[in-house]
Structure formats: structure tokens, C-alpha cells
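The file coords_30.txt contains compact mmCIF, C-alpha atoms:
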# COMPACT_ATOMS: atom_id res chain seq x y z
CA MET A 26 7.67 25.07 30.79
CA ALA A 27 5.16 22.29 30.09
CA LYS A 28 5.81 18.61 29.45
CA GLU A 29 2.90 16.40 28.39
CA ILE A 30 2.13 13.08 26.73
CA THR A 31 -0.62 13.02 24.10
CA ALA A 32 -2.06 10.79 21.39
CA GLU A 33 -2.99 12.31 18.03
CA PHE A 34 -5.25 11.02 15.27
CA LYS A 35 -5.33 12.73 11.87
CA THR A 36 -6.66 12.53 8.38
CA LEU A 37 -5.94 14.61 5.32
CA LEU A 38 -8.99 16.31 3.87
CA THR A 39 -10.04 17.20 0.37
CA LYS A 40 -10.87 20.87 -0.21
CA GLU A 41 -14.58 19.92 -0.20
CA GLU A 42 -14.29 18.04 3.13
CA TYR A 43 -12.39 20.97 4.61
CA ASP A 44 -15.08 23.41 3.47
CA ARG A 45 -17.84 21.26 5.05
CA ILE A 46 -16.06 21.09 8.42
CA TYR A 47 -15.12 24.76 8.20
CA GLU A 48 -18.79 25.71 7.92
CA LYS A 49 -19.44 23.89 11.23
CA VAL A 50 -16.56 25.49 13.16
CA LYS A 51 -16.10 28.89 11.49
CA ASP A 52 -17.64 30.76 14.43
CA HIS A 53 -14.87 29.51 16.73
CA PRO A 54 -11.74 31.64 16.93
CA GLY A 55 -8.97 30.65 14.56
CA ASN A 56 -5.36 31.62 14.41
CA LEU A 57 -2.55 31.80 11.94
CA GLN A 58 0.74 30.46 13.11
CA THR A 59 4.06 30.00 11.40
CA ASN A 60 6.33 27.18 12.46
CA TYR A 61 10.04 27.60 11.91
CA TYR A 62 11.78 24.23 11.79
CA PHE A 63 15.33 23.59 12.90
CA ASP A 64 17.71 20.69 12.46
CA THR A 65 21.33 20.04 11.56
CA LYS A 66 22.56 20.00 7.96
CA ARG A 67 22.51 16.20 8.22
CA PHE A 68 18.92 16.20 9.60
CA THR A 69 20.06 14.39 12.73
CA LEU A 70 16.92 15.30 14.69
CA LYS A 71 14.67 14.03 11.91
CA ALA A 72 16.61 10.75 11.84
CA THR A 73 15.75 10.19 15.52
CA ASP A 74 12.04 11.16 15.20
CA ALA A 75 12.64 14.46 16.98
CA VAL A 76 11.36 17.87 15.87
CA LEU A 77 12.65 21.24 17.03
CA ARG A 78 10.52 24.22 16.08
CA VAL A 79 9.50 27.70 17.05
CA LYS A 80 5.80 28.41 16.80
CA HIS A 81 4.96 32.06 16.25
CA ARG A 82 1.56 33.64 16.72
CA GLU A 83 1.57 36.68 18.96
CA THR A 84 4.37 35.09 20.98
CA TYR A 85 7.20 32.65 20.27
CA THR A 86 7.12 29.11 21.66
CA LEU A 87 10.14 26.84 21.37
CA THR A 88 9.13 23.17 21.19
CA LEU A 89 11.00 19.91 21.18
CA GLU A 90 8.83 16.93 20.28
CA ARG A 91 10.13 13.36 20.41
CA LYS A 92 8.26 10.21 19.49
CA LYS A 93 8.15 7.62 22.28
CA GLY A 94 6.30 4.48 21.17
CA TYR A 95 2.81 5.53 20.07
CA ASN A 96 2.98 8.78 22.01
CA PHE A 97 4.89 12.02 21.79
CA ILE A 98 6.81 13.77 24.54
CA ARG A 99 6.68 17.49 24.03
CA ILE A 100 8.55 20.23 25.87
CA ASP A 101 7.31 23.79 25.28
CA GLU A 102 8.88 27.02 26.47
CA GLU A 103 7.98 30.62 25.70
CA ILE A 104 10.91 32.61 24.30
CA THR A 105 11.43 36.24 23.40
CA GLU A 106 11.76 37.64 19.90
CA ASP A 107 15.46 38.27 20.56
CA GLU A 108 15.95 34.63 21.66
CA PHE A 109 14.16 33.53 18.48
CA LYS A 110 16.43 35.73 16.33
CA ASP A 111 19.51 34.33 18.09
CA LEU A 112 18.31 30.79 17.32
CA VAL A 113 17.76 31.64 13.64
CA GLU A 114 21.01 33.56 13.22
CA ASN A 115 23.37 31.57 15.46
CA GLY A 116 21.68 28.25 16.28
CA ASN A 117 21.64 29.06 20.02
CA ILE A 118 18.90 27.32 22.00
CA CYS A 119 18.04 29.50 25.00
CA SER A 120 16.14 26.83 26.97
CA GLU A 121 18.49 24.77 29.13
CA LYS A 122 16.17 21.74 29.22
CA ILE A 123 15.53 21.72 25.45
CA ALA A 124 19.21 22.45 24.66
CA GLN A 125 20.27 19.48 26.80
CA GLU A 126 17.82 17.12 25.07
CA VAL A 127 18.84 18.38 21.59
CA ASN A 128 22.58 18.22 22.35
CA ASP A 129 22.18 14.61 23.51
CA ILE A 130 20.99 13.87 19.96
CA ILE A 131 23.10 16.15 17.75
CA LYS A 132 26.44 15.88 19.60
CA GLY A 133 27.72 19.39 18.90
CA GLN A 134 26.41 19.88 15.35
CA LYS A 135 25.03 23.33 14.47
CA ILE A 136 21.28 23.95 14.38
CA ILE A 137 19.87 25.76 11.31
CA ASN A 138 16.41 26.98 10.23
CA PHE A 139 15.60 24.98 7.09
CA MET A 140 11.81 25.26 6.61
CA ASN A 141 8.80 27.42 7.44
CA LEU A 142 5.21 26.23 7.50
CA ALA A 143 2.14 28.46 7.91
CA THR A 144 -1.05 26.94 9.33
CA TYR A 145 -4.46 28.50 9.76
CA ARG A 146 -6.06 26.48 12.60
CA ILE A 147 -9.45 26.43 14.22
CA SER A 148 -9.56 24.30 17.40
CA VAL A 149 -12.66 23.26 19.30
CA PRO A 150 -13.10 21.15 22.42
CA TYR A 151 -14.61 17.76 21.62
CA ASN A 152 -15.47 15.18 24.30
CA LYS A 153 -12.22 14.66 26.24
CA GLY A 154 -9.92 16.10 23.60
CA LYS A 155 -9.34 18.88 21.11
CA LEU A 156 -10.37 18.81 17.45
CA SER A 157 -8.34 21.00 15.07
CA LEU A 158 -9.07 21.94 11.46
CA ASP A 159 -5.95 23.05 9.56
CA ARG A 160 -5.18 24.77 6.27
CA CYS A 161 -1.41 24.44 5.69
CA GLU A 162 0.87 26.33 3.30
CA TYR A 163 4.47 25.36 2.58
CA VAL A 164 6.78 25.15 -0.46
CA ASN A 165 4.14 26.22 -3.03
CA THR A 166 1.65 23.72 -1.55
CA VAL A 167 -1.71 24.02 0.22
CA ASP A 168 -3.27 21.07 2.02
CA TYR A 169 -5.98 20.41 4.61
CA GLU A 170 -6.05 18.25 7.73
CA LEU A 171 -8.29 17.26 10.62
CA GLU A 172 -6.56 16.35 13.89
CA TYR A 173 -7.88 15.00 17.19
CA GLU A 174 -5.62 15.21 20.25
CA VAL A 175 -6.38 13.38 23.51
CA ALA A 176 -4.65 12.03 26.60
CA ASN A 177 -6.12 8.50 26.31
CA ARG A 178 -5.18 6.68 23.09
CA ASN A 179 -7.90 4.01 23.23
CA THR A 180 -10.80 6.38 23.90
CA GLY A 181 -9.40 8.88 21.41
CA LYS A 182 -9.25 6.34 18.59
CA LEU A 183 -12.92 5.44 19.02
CA GLU A 184 -13.93 9.11 19.18
CA PHE A 185 -11.88 9.93 16.06
CA ILE A 186 -13.53 7.12 14.08
CA GLN A 187 -16.92 8.52 15.14
CA ILE A 188 -15.91 12.06 14.09
CA ILE A 189 -14.93 11.03 10.56
CA LYS A 190 -18.07 8.86 10.18
CA GLU A 191 -20.40 11.65 11.34
CA ASN A 192 -18.78 14.10 8.93
CA ASN A 193 -18.70 11.76 5.93
CA ILE A 194 -14.92 11.97 5.61
CA ALA A 195 -12.96 9.37 3.69
CA TYR A 196 -9.95 8.57 5.90
CA LYS A 197 -6.68 9.48 4.19
CA LYS A 198 -3.49 8.70 6.05
CA SER A 199 -1.78 11.90 7.05
CA GLN A 200 1.93 12.20 7.48
CA VAL A 201 2.98 14.85 9.96
CA LYS A 202 3.06 18.35 8.48
CA LEU A 203 6.84 18.45 8.58
CA LYS A 204 7.10 15.24 6.55
CA ARG A 205 4.71 16.63 3.96
CA ALA A 206 6.77 19.82 3.83
CA TYR A 207 10.01 17.78 3.45
CA ASP A 208 8.46 15.87 0.56
CA ALA A 209 7.34 19.11 -1.13
CA LEU A 210 10.80 20.63 -0.63
CA ARG A 211 12.48 17.62 -2.24
CA LYS A 212 10.30 18.05 -5.34
CA VAL A 213 11.48 21.64 -5.91
CA LEU A 214 15.17 21.07 -5.18
Using the file provided, produce a representation of the structure as C-alpha cells.
Amino acid sequence: MAKEITAEFKTLLTKEEYDRIYEKVKDHPGNLQTNYYFDTKRFTLKATDAVLRVKHRETYTLTLERKKGYNFIRIDEEITEDEFKDLVENGNICSEKIAQEVNDIIKGQKIINFMNLATYRISVPYNKGKLSLDRCEYVNTVDYELEYEVANRNTGKLEFIQIIKENNIAYKKSQVKLKRAYDALRKVL
């Protein structure tokens, strides 16, 4: 199980900006992952800036991410396919540490899977961080995003500004993927 503190900087991209960056990084390995999001019927986790998800590529990773000031605290734990199915079908969180953190927030409410989000991501090392180019699909929507993740917020901000300048990208504030997916879901309901 890993616990880390990171700072993230992001911008939404137009299709044209995405295509330009893609041409520069297309030789790096990419991956398709699907995130399965969980919350209570009342969206209690969302209300406290917490996100519970299972990321699936070849394996399943259960993640709890909570906002703390300008940073995020993230707890990741690999789970089995059977543990994932139990979470989807019964709301059972197999990780003791994550279950404890979630239960402190939801106070006995049931966890349900309410949204899926597929992301094709290419990540490349950049200076002291990781640069990721994303193509996201959710609720009949496709969007594009550039993200820079680093340990040091101050250095990372300067590097991110340089990245968008060098690539002629017009900065567009990016809500987290889950927020964008929530907004898209609301439009179809």
C-alpha cells in the first residue's frame, strides 16, 4: 500500500492541441484504464472532497484520494478481481485502511458504483515530475487534458507554465475528471 502527497497542474486541451502534443509523445507507451467511481447515494464522499475509485488496467487498484489544502493524500492498494466484484455488488471495501478512512466519512451508509470513466493516457517523465496526456470518455462525452504531477508545488507550477508556453497551449481551467463526468451526467438525467 502506498501513501503519497503530490501537487497536480492541469489544463484542458482542444482537439488540435491534443493532436500536437500526441505527435510528440506517441512513441511512449500508453494505456487505457477505466475508473469505476464509488460514493453513497447522497454523494457524501464528494461533499467532503474525497474520491473512492477502482482503476482497472491489467490489474485493479483501489484508491482513496482526499484533498488536504492544496495537496492530495492518496492511498492505493492492489485488489483482486473478486474483491472488485464484491465492492461493485455489495459495497464491501476489502482494504482495512481505506475502509476505515471511508467509514469515518460516510458513517455506515452503503457504497455504490455510480460512474465509469475511460481514459487513454500517455505519461512521460519531465524534469522532476510526470507529464500525462489524456483522452477521456464518459457519458457520451470526449475531452482532452494535459496534467503535470510533482512533489514540489512551487517548482511544479513554474515547470507547468513553461510546458504550456513551449507547446503554444491556451490555458483552460480543468476541473477534475470526476467533476466533468458529474456535470455530463447531470445533463443527461
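Those residues that approach Glu184 in chain A to within 10 Å, counting all atoms listed in the file, are Phe34, Tyr151, Asn152, Lys153, Gly154, Tyr173, Val175, Arg178, Asn179, Ile189 and Lys190 of chain A; same-chain residues fewer than 5 positions away are not listed.
If you look at CA of Lys80 in chain A and CA of Tyr207 in chain A, they are 17.6 Å away from each other.
Distances to Glu172 in chain A were evaluated for A:Lys155, A:Arg160, A:Lys66, A:Arg78 using only C-alpha atoms, and the minimum falls at A:Lys155.
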All residues 10 Å or closer to Val113 in chain A, all atoms listed in the file, same chain fewer than 5 positions away omitted, as a ChimeraX atom specification:
/A:61-63,79,107-108,118,136-139
Would you list the residues near (-15.0, 29.7, 15.8), meaning any protein, DNA or RNA residue with an atom at most 8 Å from that point in file coordinates, counting only C-alpha atoms, as a ChimeraX atom specification?
/A:50-55,147-149
